[in-house]
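Accompanying notes for the structure given below.
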Amino acid sequence: MKRLVVLFSVVFSLLAIVPFYASAQTKVAAKKQRTVSDIRSSLKLGNATALLSNLAENVNVNINDDDDTYSKSEAVTTINSFFQDSTPSNFIIKHQGTAPSGARFVIGSLVTKKGTYRTYMVLKNGLIEEISFEK
């Protein structure tokens, strides 16, 4: 009888915890989706300043094989310069996922007045650590 009471207690405890765990997982997924949505909007509008809150402290920026690591503010300046020269009109996400390391990646096409650029981003902890624009 004691085993049955203990088993019931364990099962009841697990059932009580599962909704909280599922709710937390849903909130994390929603935040990740908002982050990608915010990034997509910033790229579509050609607004590198709006990317600021989504950038890591140091960001690897690659624009047509001109590759360097910048501080957050330097990255915004570099990307803004690219946007001023190319004038984005749309950003289309082609693929996104999570690497085995836990880093997220987003691959898309940035449509500009100078043509379409394959865009690749790596996000860790919700922040862009690498962004690449290649014609």
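By convention here, the chains of the structure tokens are called A, B, ... in the order presented, each chain's residues are numbered starting at 1, and ligands are numbered starting at 1 in the order presented.
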
Which residues of segment 66-117 of chain A have any atom within 8 Å of an atom in segment 32-55 of chain A when counting only C-alpha atoms, and what is the closest pair of atoms for each, with the distance in Å to one decimal? Order the rows by chain and rising number and write it as JSON lines.
{"residue": "A:Lys72", "atom": "CA", "partner": "A:Leu55", "partner_atom": "CA", "distance": 6.2}
{"residue": "A:Ser73", "atom": "CA", "partner": "A:Leu52", "partner_atom": "CA", "distance": 7.5}
{"residue": "A:Val76", "atom": "CA", "partner": "A:Ala48", "partner_atom": "CA", "distance": 5.4}
{"residue": "A:Thr77", "atom": "CA", "partner": "A:Ala48", "partner_atom": "CA", "distance": 7.7}
{"residue": "A:Ile79", "atom": "CA", "partner": "A:Ala48", "partner_atom": "CA", "distance": 6.0}
{"residue": "A:Asn80", "atom": "CA", "partner": "A:Ala48", "partner_atom": "CA", "distance": 5.3}
{"residue": "A:Phe83", "atom": "CA", "partner": "A:Gly46", "partner_atom": "CA", "distance": 5.6}
{"residue": "A:Gln84", "atom": "CA", "partner": "A:Gly46", "partner_atom": "CA", "distance": 8.0}
{"residue": "A:Thr87", "atom": "CA", "partner": "A:Gly46", "partner_atom": "CA", "distance": 6.5}
{"residue": "A:Pro88", "atom": "CA", "partner": "A:Gly46", "partner_atom": "CA", "distance": 5.2}
{"residue": "A:Ser89", "atom": "CA", "partner": "A:Lys44", "partner_atom": "CA", "distance": 5.7}
{"residue": "A:Asn90", "atom": "CA", "partner": "A:Lys44", "partner_atom": "CA", "distance": 4.3}
{"residue": "A:Phe91", "atom": "CA", "partner": "A:Lys44", "partner_atom": "CA", "distance": 4.7}
{"residue": "A:Ile92", "atom": "CA", "partner": "A:Arg40", "partner_atom": "CA", "distance": 7.7}
{"residue": "A:Ile93", "atom": "CA", "partner": "A:Arg40", "partner_atom": "CA", "distance": 7.7}
{"residue": "A:Leu110", "atom": "CA", "partner": "A:Lys44", "partner_atom": "CA", "distance": 7.3}

Export of the given selection (N, CA and C atoms) as an mmCIF file, in the first residue's frame:
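Saved the output as part.cif:
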data_model
loop_
_atom_site.group_PDB
_atom_site.id
_atom_site.type_symbol
_atom_site.label_atom_id
_atom_site.label_comp_id
_atom_site.auth_asym_id
_atom_site.auth_seq_id
_atom_site.Cartn_x
_atom_site.Cartn_y
_atom_site.Cartn_z
ATOM 1 N N LYS A 72 29.868 45.628 -31.629
ATOM 2 C CA LYS A 72 28.458 45.782 -31.965
ATOM 3 C C LYS A 72 28.211 47.083 -32.745
ATOM 4 N N SER A 73 28.735 48.205 -32.245
ATOM 5 C CA SER A 73 28.497 49.498 -32.906
ATOM 6 C C SER A 73 29.210 49.583 -34.252
ATOM 7 N N VAL A 76 27.162 47.694 -36.836
ATOM 8 C CA VAL A 76 26.010 48.476 -37.297
ATOM 9 C C VAL A 76 26.455 49.479 -38.351
ATOM 10 N N THR A 77 27.568 50.163 -38.120
ATOM 11 C CA THR A 77 28.095 51.142 -39.081
ATOM 12 C C THR A 77 28.441 50.467 -40.406
ATOM 13 N N ILE A 79 27.297 47.549 -41.639
ATOM 14 C CA ILE A 79 26.088 47.050 -42.309
ATOM 15 C C ILE A 79 25.269 48.221 -42.860
ATOM 16 N N ASN A 80 25.179 49.318 -42.119
ATOM 17 C CA ASN A 80 24.466 50.507 -42.611
ATOM 18 C C ASN A 80 25.093 51.032 -43.897
ATOM 19 N N PHE A 83 23.979 48.832 -46.610
ATOM 20 C CA PHE A 83 22.576 49.093 -46.925
ATOM 21 C C PHE A 83 22.404 50.394 -47.705
ATOM 22 N N GLN A 84 23.164 51.424 -47.368
ATOM 23 C CA GLN A 84 23.066 52.693 -48.086
ATOM 24 C C GLN A 84 23.507 52.535 -49.529
ATOM 25 N N THR A 87 20.639 49.473 -50.874
ATOM 26 C CA THR A 87 19.213 49.728 -50.636
ATOM 27 C C THR A 87 18.352 48.453 -50.688
ATOM 28 N N PRO A 88 18.259 47.742 -49.567
ATOM 29 C CA PRO A 88 17.416 46.549 -49.506
ATOM 30 C C PRO A 88 15.931 46.862 -49.702
ATOM 31 N N SER A 89 15.226 45.923 -50.327
ATOM 32 C CA SER A 89 13.784 46.066 -50.498
ATOM 33 C C SER A 89 13.004 44.874 -49.941
ATOM 34 N N ASN A 90 13.715 43.770 -49.681
ATOM 35 C CA ASN A 90 13.035 42.591 -49.141
ATOM 36 C C ASN A 90 14.068 41.635 -48.564
ATOM 37 N N PHE A 91 13.629 40.839 -47.601
ATOM 38 C CA PHE A 91 14.445 39.754 -47.077
ATOM 39 C C PHE A 91 13.561 38.533 -46.949
ATOM 40 N N ILE A 92 13.962 37.460 -47.597
ATOM 41 C CA ILE A 92 13.173 36.226 -47.625
ATOM 42 C C ILE A 92 13.967 35.128 -46.933
ATOM 43 N N ILE A 93 13.399 34.559 -45.874
ATOM 44 C CA ILE A 93 14.051 33.450 -45.184
ATOM 45 C C ILE A 93 13.838 32.181 -46.002
ATOM 46 N N LEU A 110 18.573 38.512 -49.482
ATOM 47 C CA LEU A 110 18.349 39.939 -49.309
ATOM 48 C C LEU A 110 18.244 40.549 -50.702
#

Please, which residues of segment 72-110 of chain A, numbered as in this document, come out strand (DSSP E or B) from DSSP, as a PyMOL selection string? chain A and resi 88-98+104-110

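Atom CA of Ser109 of chain A to atom CA of Lys94 of chain A spans 7.1 Å [interatomic distance, one decimal].
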
Separation of atom CA of Glu130 of chain A from atom CA of Phe105 of chain A, in Å and rounded to one decimal: 9.4 Å

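Computed from the coordinates, the atom CA of Tyr117 of chain A to atom CA of Glu74 of chain A distance equals 21.1 Å.
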
Could you tell me which of A:Ser81, A:Lys135, A:Ser101, A:Tyr120 comes closest to Asn60 of chain A if we count only C-alpha atoms?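 That would be A:Tyr120, the residue with the smallest distance to Asn60 of chain A.
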
Using only C-alpha atoms, the best pick from A:Val61, A:Lys114, A:Asp68, A:Gln96 as closest to Ile128 of chain A would be A:Val61

Proximity to Lys124 of chain A - best of A:Thr112, A:Asp65, A:Val59, A:His95, only C-alpha atoms: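 Under the stated criterion, the closest residue is A:Val59.
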
Using only C-alpha atoms, which of A:Ser132, A:Ser86, A:Ser71, A:Thr78 sits nearest Ala56 of chain A?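 Of A:Ser132, A:Ser86, A:Ser71, A:Thr78, the one nearest Ala56 of chain A is A:Ser71, counting only C-alpha atoms.
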
Could you pull out the residues in segment 19-118 of chain A that DSSP calls alpha helix (DSSP H) from the backbone, as an mmCIF file with C-alpha atoms, in the first residue's frame?
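Here's the written file result01.cif:
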data_model
loop_
_atom_site.group_PDB
_atom_site.id
_atom_site.type_symbol
_atom_site.label_atom_id
_atom_site.label_comp_id
_atom_site.auth_asym_id
_atom_site.auth_seq_id
_atom_site.Cartn_x
_atom_site.Cartn_y
_atom_site.Cartn_z
ATOM 1 C CA PRO A 19 2.396 22.081 -17.723
ATOM 2 C CA PHE A 20 4.962 24.513 -16.300
ATOM 3 C CA TYR A 21 7.769 22.935 -18.323
ATOM 4 C CA ALA A 22 5.683 22.990 -21.505
ATOM 5 C CA SER A 23 4.731 26.611 -20.880
ATOM 6 C CA ALA A 24 8.388 27.585 -20.407
ATOM 7 C CA GLN A 25 9.361 25.770 -23.617
ATOM 8 C CA THR A 26 6.588 27.562 -25.517
ATOM 9 C CA LYS A 27 7.801 30.947 -24.241
ATOM 10 C CA VAL A 28 11.393 30.183 -25.308
ATOM 11 C CA ALA A 29 10.230 29.134 -28.785
ATOM 12 C CA ALA A 30 8.091 32.264 -29.112
ATOM 13 C CA LYS A 31 11.040 34.482 -28.121
ATOM 14 C CA LYS A 32 13.281 32.804 -30.713
ATOM 15 C CA GLN A 33 10.624 33.323 -33.379
ATOM 16 C CA ARG A 34 10.225 37.005 -32.398
ATOM 17 C CA THR A 35 13.993 37.471 -32.625
ATOM 18 C CA VAL A 36 14.128 36.037 -36.155
ATOM 19 C CA SER A 37 11.055 38.065 -37.123
ATOM 20 C CA ASP A 38 12.664 41.264 -35.793
ATOM 21 C CA ILE A 39 15.869 40.524 -37.708
ATOM 22 C CA ARG A 40 13.913 39.804 -40.895
ATOM 23 C CA SER A 41 12.066 43.130 -40.595
ATOM 24 C CA SER A 42 15.310 45.049 -39.969
ATOM 25 C CA LEU A 43 16.963 43.501 -43.026
ATOM 26 C CA LYS A 44 13.911 44.027 -45.228
ATOM 27 C CA LEU A 45 13.816 47.710 -44.281
ATOM 28 C CA LYS A 72 28.458 45.782 -31.965
ATOM 29 C CA SER A 73 28.497 49.498 -32.906
ATOM 30 C CA GLU A 74 31.134 49.012 -35.642
ATOM 31 C CA ALA A 75 29.054 46.183 -37.107
ATOM 32 C CA VAL A 76 26.010 48.476 -37.297
ATOM 33 C CA THR A 77 28.095 51.142 -39.081
ATOM 34 C CA THR A 78 29.494 48.585 -41.550
ATOM 35 C CA ILE A 79 26.088 47.050 -42.309
ATOM 36 C CA ASN A 80 24.466 50.507 -42.611
ATOM 37 C CA SER A 81 27.115 51.478 -45.162
ATOM 38 C CA PHE A 82 26.309 48.337 -47.157
ATOM 39 C CA PHE A 83 22.576 49.093 -46.925
ATOM 40 C CA GLN A 84 23.066 52.693 -48.086
ATOM 41 C CA ASP A 85 25.016 51.467 -51.088
ATOM 42 C CA SER A 86 22.653 48.610 -51.969
#

Just the residues within 7 Å of Phe133 of chain A, please, counting only C-alpha atoms, with nothing from its chain fewer than 4 positions along; format it as a PyMOL selection string. chain A and resi 62-64+117-120

Using only C-alpha atoms, which protein or nucleic acid residues come within 9 Å of Arg104 of chain A? Drop anything in the same chain fewer than 3 positions from it, and give the result as JSON, numbers by chain. {"A": [96, 97, 98, 99, 101, 121, 122, 123, 124, 125, 126]}

Go ahead and write the residues just picked, C-alpha atoms, as a short mmCIF file (atom, residue, chain, number, x, y, z; two decimals), in the first residue's frame.
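Dumped to selection_28.cif:
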data_model
loop_
_atom_site.label_atom_id
_atom_site.label_comp_id
_atom_site.auth_asym_id
_atom_site.auth_seq_id
_atom_site.Cartn_x
_atom_site.Cartn_y
_atom_site.Cartn_z
CA GLN A 96 16.53 28.13 -40.56
CA GLY A 97 17.40 25.63 -37.91
CA THR A 98 19.52 24.70 -34.93
CA ALA A 99 23.02 23.24 -35.15
CA SER A 101 26.03 23.02 -30.79
CA MET A 121 23.44 34.37 -39.93
CA VAL A 122 24.55 32.46 -36.86
CA LEU A 123 22.80 33.28 -33.58
CA LYS A 124 23.92 32.13 -30.15
CA ASN A 125 21.75 32.87 -27.13
CA GLY A 126 19.45 34.83 -29.44
#
